[in-house]
>>> print(open('entry-v7.txt').read())   # compact mmCIF, C-alpha atoms and all ligand atoms
# COMPACT_ATOMS: atom_id res chain seq x y z
CA MET A 272 -8.17 17.03 24.53
CA LEU A 273 -5.55 14.30 24.85
CA GLU A 274 -5.29 13.24 28.50
CA ASN A 275 -3.82 9.80 28.44
CA ILE A 276 -1.40 7.67 26.41
CA GLU A 277 -1.67 3.93 26.98
CA ILE A 278 1.31 1.75 26.00
CA PRO A 279 0.03 -1.84 26.21
CA GLU A 280 2.44 -4.77 25.99
CA THR A 281 -0.02 -7.30 24.58
CA LEU A 282 -2.45 -7.25 21.69
CA GLU A 283 -5.19 -8.43 24.04
CA ASP A 284 -4.67 -5.39 26.29
CA ALA A 285 -4.55 -3.00 23.32
CA VAL A 286 -7.79 -4.38 21.88
CA GLY A 287 -9.35 -4.25 25.37
CA ILE A 288 -8.51 -0.55 25.80
CA LEU A 289 -9.94 0.29 22.37
CA ALA A 290 -13.12 -1.67 23.20
CA ASP A 291 -13.51 0.04 26.60
CA GLN A 292 -12.83 3.51 25.21
CA PRO A 293 -14.52 3.69 21.80
CA GLY A 294 -13.20 7.21 21.14
CA ALA A 295 -9.54 6.28 21.67
CA GLY A 296 -7.03 6.79 18.85
CA ILE A 297 -4.08 4.69 17.69
CA LEU A 298 -0.47 5.83 17.58
CA ALA A 299 2.06 3.86 15.51
CA GLY A 300 5.19 5.68 14.23
CA GLY A 301 3.49 9.03 14.78
CA THR A 302 4.69 10.62 11.52
CA ILE A 303 1.14 11.63 10.61
CA ALA A 304 -0.77 11.12 13.88
CA VAL A 305 1.40 13.53 15.90
CA ALA A 306 1.19 16.27 13.26
CA VAL A 307 -2.60 15.88 13.08
CA LEU A 308 -2.80 15.91 16.88
CA LYS A 309 -0.72 19.09 17.11
CA ALA A 310 -2.88 20.76 14.47
CA GLY A 311 -5.98 19.96 16.54
CA GLY A 312 -7.34 17.50 14.00
CA LEU A 313 -7.28 14.46 16.28
CA LYS A 314 -9.74 14.98 19.10
CA VAL A 315 -9.18 11.99 21.37
CA GLN A 316 -8.83 11.68 25.13
CA THR A 317 -6.75 8.51 24.91
CA LEU A 318 -4.13 7.36 22.45
CA VAL A 319 -3.10 3.71 22.33
CA ASP A 320 0.59 3.55 21.45
CA LEU A 321 1.31 0.27 19.62
CA SER A 322 5.10 0.49 19.96
CA ARG A 323 5.46 -2.27 22.58
CA LEU A 324 3.20 -4.80 20.87
CA PRO A 325 4.89 -7.86 19.36
CA ILE A 326 3.64 -7.02 15.86
CA ALA A 327 6.87 -5.92 14.16
CA GLY A 328 9.12 -8.01 11.94
CA ILE A 329 9.22 -9.84 8.64
CA ASN A 330 8.68 -13.59 8.40
CA THR A 331 9.15 -15.66 5.29
CA ASP A 332 7.80 -19.17 5.06
CA GLY A 333 8.65 -20.48 1.62
CA ALA A 334 7.16 -18.02 -0.84
CA ARG A 335 4.71 -16.64 1.76
CA ILE A 336 5.78 -13.37 3.37
CA SER A 337 4.24 -11.92 6.52
CA ILE A 338 5.08 -8.38 7.64
CA GLY A 339 4.02 -7.14 11.07
CA ALA A 340 2.14 -3.84 11.06
CA MET A 341 4.70 -2.09 13.31
CA THR A 342 7.57 -2.92 10.95
CA LEU A 343 9.26 0.28 9.79
CA LEU A 344 9.33 1.19 6.13
CA SER A 345 13.14 1.29 6.41
CA ASP A 346 13.19 -2.33 7.66
CA LEU A 347 11.73 -3.47 4.34
CA LEU A 348 14.94 -2.28 2.67
CA GLU A 349 17.04 -4.63 4.84
CA ASN A 350 15.19 -7.77 3.80
CA ASP A 351 16.38 -9.76 0.77
CA ALA A 352 13.04 -11.53 0.28
CA LEU A 353 11.56 -8.09 -0.39
CA ALA A 354 14.27 -7.01 -2.83
CA PHE A 355 11.69 -6.85 -5.63
CA MET A 356 9.95 -4.05 -3.68
CA HIS A 357 12.98 -2.01 -2.59
CA GLU A 358 12.78 0.49 -5.44
CA ALA A 359 9.12 1.11 -4.55
CA VAL A 360 9.96 1.67 -0.86
CA ARG A 361 12.76 4.11 -1.73
CA CYS A 362 10.12 6.24 -3.50
CA MET A 363 8.16 6.60 -0.25
CA ALA A 364 8.84 9.72 1.84
CA SER A 365 12.45 10.35 2.96
CA PRO A 366 14.97 8.15 4.83
CA THR A 367 14.20 10.08 8.04
CA ILE A 368 10.45 9.48 7.76
CA ARG A 369 10.97 5.84 6.70
CA ASN A 370 12.94 5.29 9.93
CA SER A 371 9.82 6.14 11.99
CA ALA A 372 6.87 5.34 9.73
CA THR A 373 5.33 1.89 10.03
CA ILE A 374 3.85 -0.16 7.24
CA GLY A 375 0.56 -0.39 9.16
CA GLY A 376 0.37 3.40 9.38
CA ASN A 377 1.23 3.71 5.71
CA LEU A 378 -1.59 1.38 4.68
CA ILE A 379 -4.12 3.06 6.98
CA ILE A 380 -3.34 6.57 5.69
CA GLY A 381 -3.63 5.37 2.08
CA GLY A 382 0.12 5.52 1.35
CA ASP A 383 2.04 4.12 -1.58
CA LEU A 384 2.67 0.72 -0.02
CA GLY A 385 -1.00 -0.16 -0.44
CA VAL A 386 -0.62 -0.06 -4.23
CA CYS A 387 2.09 -2.75 -4.02
CA LEU A 388 0.07 -4.77 -1.51
CA LEU A 389 -3.00 -4.62 -3.76
CA ALA A 390 -1.05 -5.92 -6.77
CA LEU A 391 0.29 -8.68 -4.51
CA GLN A 392 -3.29 -9.67 -3.50
CA SER A 393 -2.32 -9.32 0.14
CA GLU A 394 -4.32 -10.53 3.06
CA LEU A 395 -4.57 -8.29 6.12
CA VAL A 396 -4.61 -9.70 9.63
CA VAL A 397 -6.62 -7.57 12.07
CA ALA A 398 -7.42 -7.97 15.75
CA GLY A 399 -10.52 -6.65 17.48
CA ALA A 400 -12.79 -7.32 20.42
CA GLU A 401 -14.35 -10.21 18.47
CA GLY A 402 -11.00 -11.87 17.79
CA VAL A 403 -8.57 -12.06 14.90
CA ARG A 404 -9.78 -12.05 11.30
CA ARG A 405 -8.16 -12.02 7.87
CA ILE A 406 -9.43 -9.80 5.12
CA PRO A 407 -8.40 -9.56 1.49
CA ILE A 408 -6.92 -6.14 0.81
CA ASP A 409 -9.66 -5.36 -1.77
CA GLU A 410 -12.23 -5.82 1.00
CA TYR A 411 -10.27 -3.47 3.26
CA TYR A 412 -10.40 -0.79 0.57
CA THR A 413 -14.17 -1.14 0.22
CA ALA A 414 -15.19 -1.76 3.86
CA GLY A 415 -12.26 -0.51 5.99
CA LEU A 416 -11.54 -1.81 9.50
CA ARG A 417 -14.23 -2.17 12.13
CA ALA A 418 -14.23 0.26 15.07
CA GLY A 419 -11.53 -0.63 17.60
CA GLU A 420 -9.66 -3.00 15.28
CA ILE A 421 -5.87 -3.01 15.03
CA LEU A 422 -4.09 -4.02 11.86
CA THR A 423 -1.45 -6.54 12.97
CA ALA A 424 0.11 -7.94 9.77
CA MET A 425 0.00 -8.20 6.00
CA GLU A 426 0.67 -11.43 4.12
CA PHE A 427 1.30 -12.21 0.46
CA ASP A 428 3.09 -14.62 -1.84
CA ALA A 429 6.40 -13.22 -3.07
CA PRO A 430 6.21 -12.81 -6.84
CA ASP A 431 8.84 -14.09 -9.22
CA ARG A 432 11.05 -11.02 -9.50
CA ALA A 433 10.85 -10.99 -13.31
CA THR A 434 7.05 -10.58 -13.10
CA TRP A 435 7.14 -7.49 -10.83
CA ARG A 436 6.59 -4.00 -12.22
CA HIS A 437 6.50 -0.69 -10.37
CA CYS A 438 6.43 2.99 -11.23
CA LYS A 439 5.75 6.10 -9.14
CA VAL A 440 5.45 9.42 -10.93
CA MET A 441 6.43 12.35 -8.69
CA ARG A 442 6.84 16.11 -9.03
CA LYS A 443 10.37 15.77 -7.65
CA LYS A 444 12.71 12.82 -7.39
CA ALA A 445 12.40 12.16 -3.66
CA ALA A 446 10.07 12.68 -0.71
CA SER A 447 7.09 13.58 -2.84
CA TYR A 448 3.57 12.23 -2.94
CA ALA A 449 2.43 10.52 -6.13
CA VAL A 450 1.04 12.04 -9.29
CA LEU A 451 0.23 8.41 -9.96
CA SER A 452 1.70 5.05 -9.08
CA ILE A 453 1.52 1.61 -10.63
CA ALA A 454 2.39 -1.81 -9.20
CA ALA A 455 1.84 -4.99 -11.16
CA VAL A 456 2.54 -8.70 -11.26
CA VAL A 457 2.70 -9.83 -14.89
CA PRO A 458 3.28 -13.60 -15.13
CA LEU A 459 4.24 -14.86 -18.59
CA ASN A 460 3.85 -18.30 -20.13
CA GLY A 461 6.32 -17.94 -22.97
CA SER A 462 5.26 -14.58 -24.38
CA ILE A 463 1.62 -14.92 -23.23
CA VAL A 464 0.38 -13.01 -20.17
CA GLU A 465 -1.35 -15.17 -17.57
CA ARG A 466 -3.68 -13.62 -14.98
CA PRO A 467 -1.94 -10.25 -14.53
CA ARG A 468 -2.64 -8.10 -11.46
CA ILE A 469 -2.33 -4.35 -11.89
CA ALA A 470 -2.90 -1.81 -9.11
CA LEU A 471 -3.07 1.96 -9.55
CA GLY A 472 -2.49 4.62 -6.88
CA ALA A 473 -3.37 8.34 -6.58
CA LEU A 474 -5.98 7.89 -9.29
CA ALA A 475 -9.06 7.25 -7.11
CA PRO A 476 -9.98 7.66 -3.43
CA THR A 477 -8.15 4.38 -2.69
CA PRO A 478 -5.72 2.24 -4.72
CA VAL A 479 -7.69 0.35 -7.39
CA ARG A 480 -7.17 -2.70 -9.58
CA ALA A 481 -7.11 -1.97 -13.31
CA ARG A 482 -9.53 -4.83 -13.96
CA ARG A 483 -10.39 -3.98 -17.56
CA CYS A 484 -6.75 -3.62 -18.47
CA GLU A 485 -5.99 -6.96 -16.76
CA GLY A 486 -8.82 -8.61 -18.72
CA MET A 487 -7.51 -7.28 -22.03
CA LEU A 488 -3.98 -8.53 -21.31
CA ASP A 489 -4.87 -11.97 -19.99
CA GLY A 490 -4.06 -14.65 -22.56
CA LYS A 491 -2.49 -12.17 -24.98
CA PRO A 492 1.13 -11.58 -25.97
CA LEU A 493 2.96 -8.86 -24.07
CA ASP A 494 3.61 -6.72 -27.12
CA PRO A 495 3.27 -2.94 -27.56
CA GLU A 496 0.08 -3.10 -29.63
CA VAL A 497 -1.79 -5.22 -27.05
CA VAL A 498 -0.36 -3.33 -24.08
CA ASN A 499 -1.11 0.15 -25.48
CA ALA A 500 -4.75 -0.80 -26.11
CA ALA A 501 -5.09 -2.37 -22.64
CA ALA A 502 -3.42 0.61 -20.93
CA THR A 503 -5.95 3.00 -22.48
CA GLU A 504 -8.73 0.79 -21.13
CA ALA A 505 -7.41 1.41 -17.58
CA LEU A 506 -8.93 4.92 -17.78
CA ALA A 507 -12.31 3.28 -17.16
CA ASP A 508 -11.17 2.10 -13.70
CA ILE A 509 -9.99 5.44 -12.30
CA GLU A 510 -11.63 8.52 -10.75
CA PRO A 511 -8.75 10.99 -10.39
CA VAL A 512 -9.10 14.36 -8.66
CA ASP A 513 -7.15 17.62 -8.76
CA ASP A 514 -4.70 18.06 -5.89
CA ALA A 515 -1.46 19.89 -5.11
CA PHE A 516 0.56 17.42 -7.19
CA ALA A 517 -1.41 17.19 -10.45
CA SER A 518 -4.79 17.82 -12.01
CA ALA A 519 -7.25 15.04 -12.76
CA TRP A 520 -6.90 15.96 -16.45
CA TYR A 521 -3.12 15.46 -16.36
CA ARG A 522 -3.43 12.15 -14.52
CA ARG A 523 -5.83 10.81 -17.16
CA ARG A 524 -3.63 12.10 -19.92
CA VAL A 525 -0.41 10.41 -18.74
CA LEU A 526 -1.69 7.17 -17.18
CA PRO A 527 -1.81 5.14 -20.43
CA VAL A 528 1.74 6.22 -21.31
CA TYR A 529 3.24 5.31 -17.93
CA LEU A 530 1.20 2.12 -17.69
CA SER A 531 2.36 0.89 -21.11
CA ARG A 532 5.99 1.69 -20.30
CA THR A 533 5.76 -0.01 -16.91
CA LEU A 534 4.12 -3.17 -18.23
CA LEU A 535 6.57 -3.47 -21.12
CA ALA A 536 9.65 -2.85 -18.95
CA ASP A 537 12.11 -5.73 -18.97
CA ASN A 538 12.57 -6.81 -15.37
CA GLU A 539 14.95 -9.71 -15.96
C1 LIG A 601 7.20 14.59 4.94
C2 LIG A 601 6.42 13.32 4.66
C3 LIG A 601 6.50 12.75 3.40
C4 LIG A 601 5.79 11.59 3.12
N1 LIG A 601 5.86 11.03 1.87
C5 LIG A 601 5.21 9.88 1.62
C6 LIG A 601 5.29 9.25 0.36
O1 LIG A 601 5.97 9.71 -0.56
N2 LIG A 601 4.61 8.09 0.18
C7 LIG A 601 3.86 7.53 1.18
O2 LIG A 601 3.28 6.47 0.96
N3 LIG A 601 3.76 8.11 2.37
C8 LIG A 601 4.41 9.26 2.61
N4 LIG A 601 4.31 9.84 3.83
C9 LIG A 601 3.42 9.24 4.80
C10 LIG A 601 4.16 8.25 5.67
O3 LIG A 601 4.46 7.10 4.95
C11 LIG A 601 3.19 7.99 6.78
O4 LIG A 601 3.30 9.13 7.62
C12 LIG A 601 3.45 6.77 7.58
O5 LIG A 601 3.50 5.61 6.82
C13 LIG A 601 2.39 6.61 8.65
O6 LIG A 601 2.89 5.64 9.51
P1 LIG A 601 3.05 5.91 11.06
O7 LIG A 601 3.53 4.63 11.64
O8 LIG A 601 3.85 7.11 11.34
O9 LIG A 601 1.51 6.15 11.45
P2 LIG A 601 0.90 7.15 12.51
O10 LIG A 601 1.16 8.54 12.10
O11 LIG A 601 1.26 6.76 13.90
O12 LIG A 601 -0.63 6.80 12.30
C14 LIG A 601 -1.31 7.17 11.13
C15 LIG A 601 -2.74 6.67 11.20
O13 LIG A 601 -2.79 5.26 11.05
C16 LIG A 601 -3.49 4.64 12.13
N5 LIG A 601 -2.76 3.40 12.40
C17 LIG A 601 -1.41 3.26 12.40
N6 LIG A 601 -1.08 1.98 12.61
C18 LIG A 601 -2.24 1.30 12.76
C19 LIG A 601 -2.55 -0.08 12.99
N7 LIG A 601 -1.58 -1.01 13.11
N8 LIG A 601 -3.85 -0.44 13.08
C20 LIG A 601 -4.84 0.47 12.95
N9 LIG A 601 -4.61 1.80 12.73
C21 LIG A 601 -3.32 2.20 12.64
C22 LIG A 601 -3.42 5.66 13.26
O14 LIG A 601 -4.53 5.56 14.08
C23 LIG A 601 -3.44 6.98 12.52
O15 LIG A 601 -4.75 7.34 12.21
C24 LIG A 601 5.00 10.99 4.13
C25 LIG A 601 4.93 11.57 5.41
C26 LIG A 601 5.63 12.72 5.68
C27 LIG A 601 5.54 13.31 7.07
>>> encode(input="entry-v7.txt", output="structure tokens")
Amino acid sequence: MLENIEIPETLEDAVGILADQPGAGILAGGTIAVAVLKAGGLKVQTLVDLSRLPIAGINTDGARISIGAMTLLSDLLENDALAFMHEAVRCMASPTIRNSATIGGNLIIGGDLGVCLLALQSELVVAGAEGVRRIPIDEYYTAGLRAGEILTAMEFDAPDRATWRHCKVMRKKAASYAVLSIAAVVPLNGSIVERPRIALGALAPTPVRARRCEGMLDGKPLDPEVVNAAATEALADIEPVDDAFASAWYRRRVLPVYLSRTLLADNE
């Protein structure tokens, strides 16, 4: 049963509490954690509330962007350097939830932001009892965080806006989880694709890179024939399941169509 909520002011203190009390939980915006707690699904004696830690805010240094884990989803919509991503953020939850939900919480619960961050080849900054370390987002999706670690920031290079692609397929137009989602960076040299990065969401236990599709596009012209063939190849990278939003069969059926449309969309 929850007995204690700690509200540390420094990262060092927060990490110290989590190290001293291995069973303690983390509270960020609380949009999921509080509901799970109320439903009896979070059995912790201590919760460490991150709200006073200095890990919120967006910093841009040239093309490099760093976003603190306690930054709200709604704050992303106020930042011009992230304009390329605004449409993707508006597809996440509702304005009310976005005003409380943090980007750290969204990544940890496997939310839509992770698909964008995977396509952006983000690096995660995490703090634990052994210090601060940086992990590529792919590694996070395979190995997770270590016990007692706090995600403090995410960093990536801002893409040229014309190279960015995003699509989230939903059962309704707002505040709905994904049937599937796609985020991609598709750099072009003339009409030739150069080292594309394509991430897919809601099609496997975690967001995944569509590596085979990327390989088929790299060095080829971005035309419908090439893209349609490559998009079909993406089926080899996914393991969809049935859930309340769509069946695995439906997800497989529609992925190539949405992926082709998304990759061929003119973003100029
Ligand atoms: C009605 C509704 C609709 C939603 N729709 C969408 C949607 O369409 N798309 C979407 O992507 N999401 C959606 N969400 C999920 C929403 O985005 C998440 O609830 C939110 O991002 C979680 O962030 P939080 O700050 O509230 O995390 P919390 O609820 O406080 O925490 C969630 C989990 O993350 C862990 N955690 C949080 N921050 C850190 C950190 N810095 N380091 C380590 N662990 C941490 C906590 O321990 C906890 O286990 C929806 C949620 C609701 C309630």
>>> closest_residue(input="entry-v7.txt", among="A:Ala446, A:Val396, A:Leu389, A:Val456", to="A:Arg480", atoms="all atoms listed in the file")
A:Leu389
>>> residues_near_point(input="entry-v7.txt", point="(-14.2, -2.8, 19.0)", cutoff="7 Å", atoms="all atoms listed in the file", output="ChimeraX atom specification")
/A:289-290,399-400,417-420
>>> axis_aligned_box(input="entry-v7.txt", around="stretch 409-417 of chain A", padding_each_side="8 Å", output="JSON")
{"center_x": -12.4, "center_y": -3.2, "center_z": 5.2, "size_x": 21.5, "size_y": 21.3, "size_z": 29.9}
>>> closest_atom_pairs(input="entry-v7.txt", of="chain A", to="ligand LIG 601 (chain A)", cutoff="6 Å", atoms="all atoms listed in the file", output="CSV")
residue,atom,partner,partner_atom,distance
A:Gly296,CA,A:LIG601,O14,5.5
A:Ile297,CA,A:LIG601,O14,3.7
A:Leu298,CA,A:LIG601,O11,4.2
A:Ala299,CA,A:LIG601,O11,3.4
A:Gly300,CA,A:LIG601,O7,3.3
A:Gly301,CA,A:LIG601,O11,3.3
A:Thr302,CA,A:LIG601,O8,3.6
A:Ile303,CA,A:LIG601,O10,3.4
A:Ala304,CA,A:LIG601,O10,3.7
A:Ala340,CA,A:LIG601,N7,5.1
A:Met363,CA,A:LIG601,O1,3.8
A:Ala364,CA,A:LIG601,N1,3.3
A:Ala372,CA,A:LIG601,O8,3.9
A:Thr373,CA,A:LIG601,O7,3.7
A:Ile374,CA,A:LIG601,O5,5.8
A:Gly375,CA,A:LIG601,N6,4.5
A:Gly376,CA,A:LIG601,O6,3.4
A:Asn377,CA,A:LIG601,O5,3.2
A:Ile379,CA,A:LIG601,O13,4.8
A:Ile380,CA,A:LIG601,C15,5.5
A:Gly382,CA,A:LIG601,O2,3.3
A:Asp383,CA,A:LIG601,O2,3.7
A:Leu384,CA,A:LIG601,O2,5.9
A:Ile421,CA,A:LIG601,N8,3.8
A:Leu422,CA,A:LIG601,N8,3.8
A:Thr423,CA,A:LIG601,N7,5.5
A:Ala446,CA,A:LIG601,O1,5.1
A:Ser447,CA,A:LIG601,O1,4.6
A:Tyr448,CA,A:LIG601,O1,4.2
>>> closest_residue(input="entry-v7.txt", among="A:Asp489, A:Met441, A:Val457, A:Cys484", to="A:Ala515", atoms="all atoms listed in the file")
A:Met441
>>> atom_distance(input="entry-v7.txt", atom1="atom CA of A:Leu353", atom2="atom CA of A:Ala505")
27.3 Å
>>> residues_around(input="entry-v7.txt", residues="A:Gly339", least_positions_apart="3", cutoff="8 Å", atoms="all atoms listed in the file", output="list in words")
Ile326, Ala327, Gly328, Ile329, Thr342, Ile374, Gly375, Thr423, Ala424 and Met425 of chain A
>>> closest_atom_pairs(input="entry-v7.txt", of="stretch 399-445 of chain A", to="stretch 357-360 of chain A", cutoff="8 Å", atoms="only C-alpha atoms", output="Markdown table")
| residue | atom | partner | partner_atom | distance |
| --- | --- | --- | --- | --- |
| A:His437 | CA | A:Ala359 | CA | 6.6 |
| A:Cys438 | CA | A:Ala359 | CA | 7.4 |
| A:Lys439 | CA | A:Ala359 | CA | 7.6 |
>>> atom_distance(input="entry-v7.txt", atom1="atom CA of A:Ala414", atom2="atom CA of A:Leu378")
14.0 Å
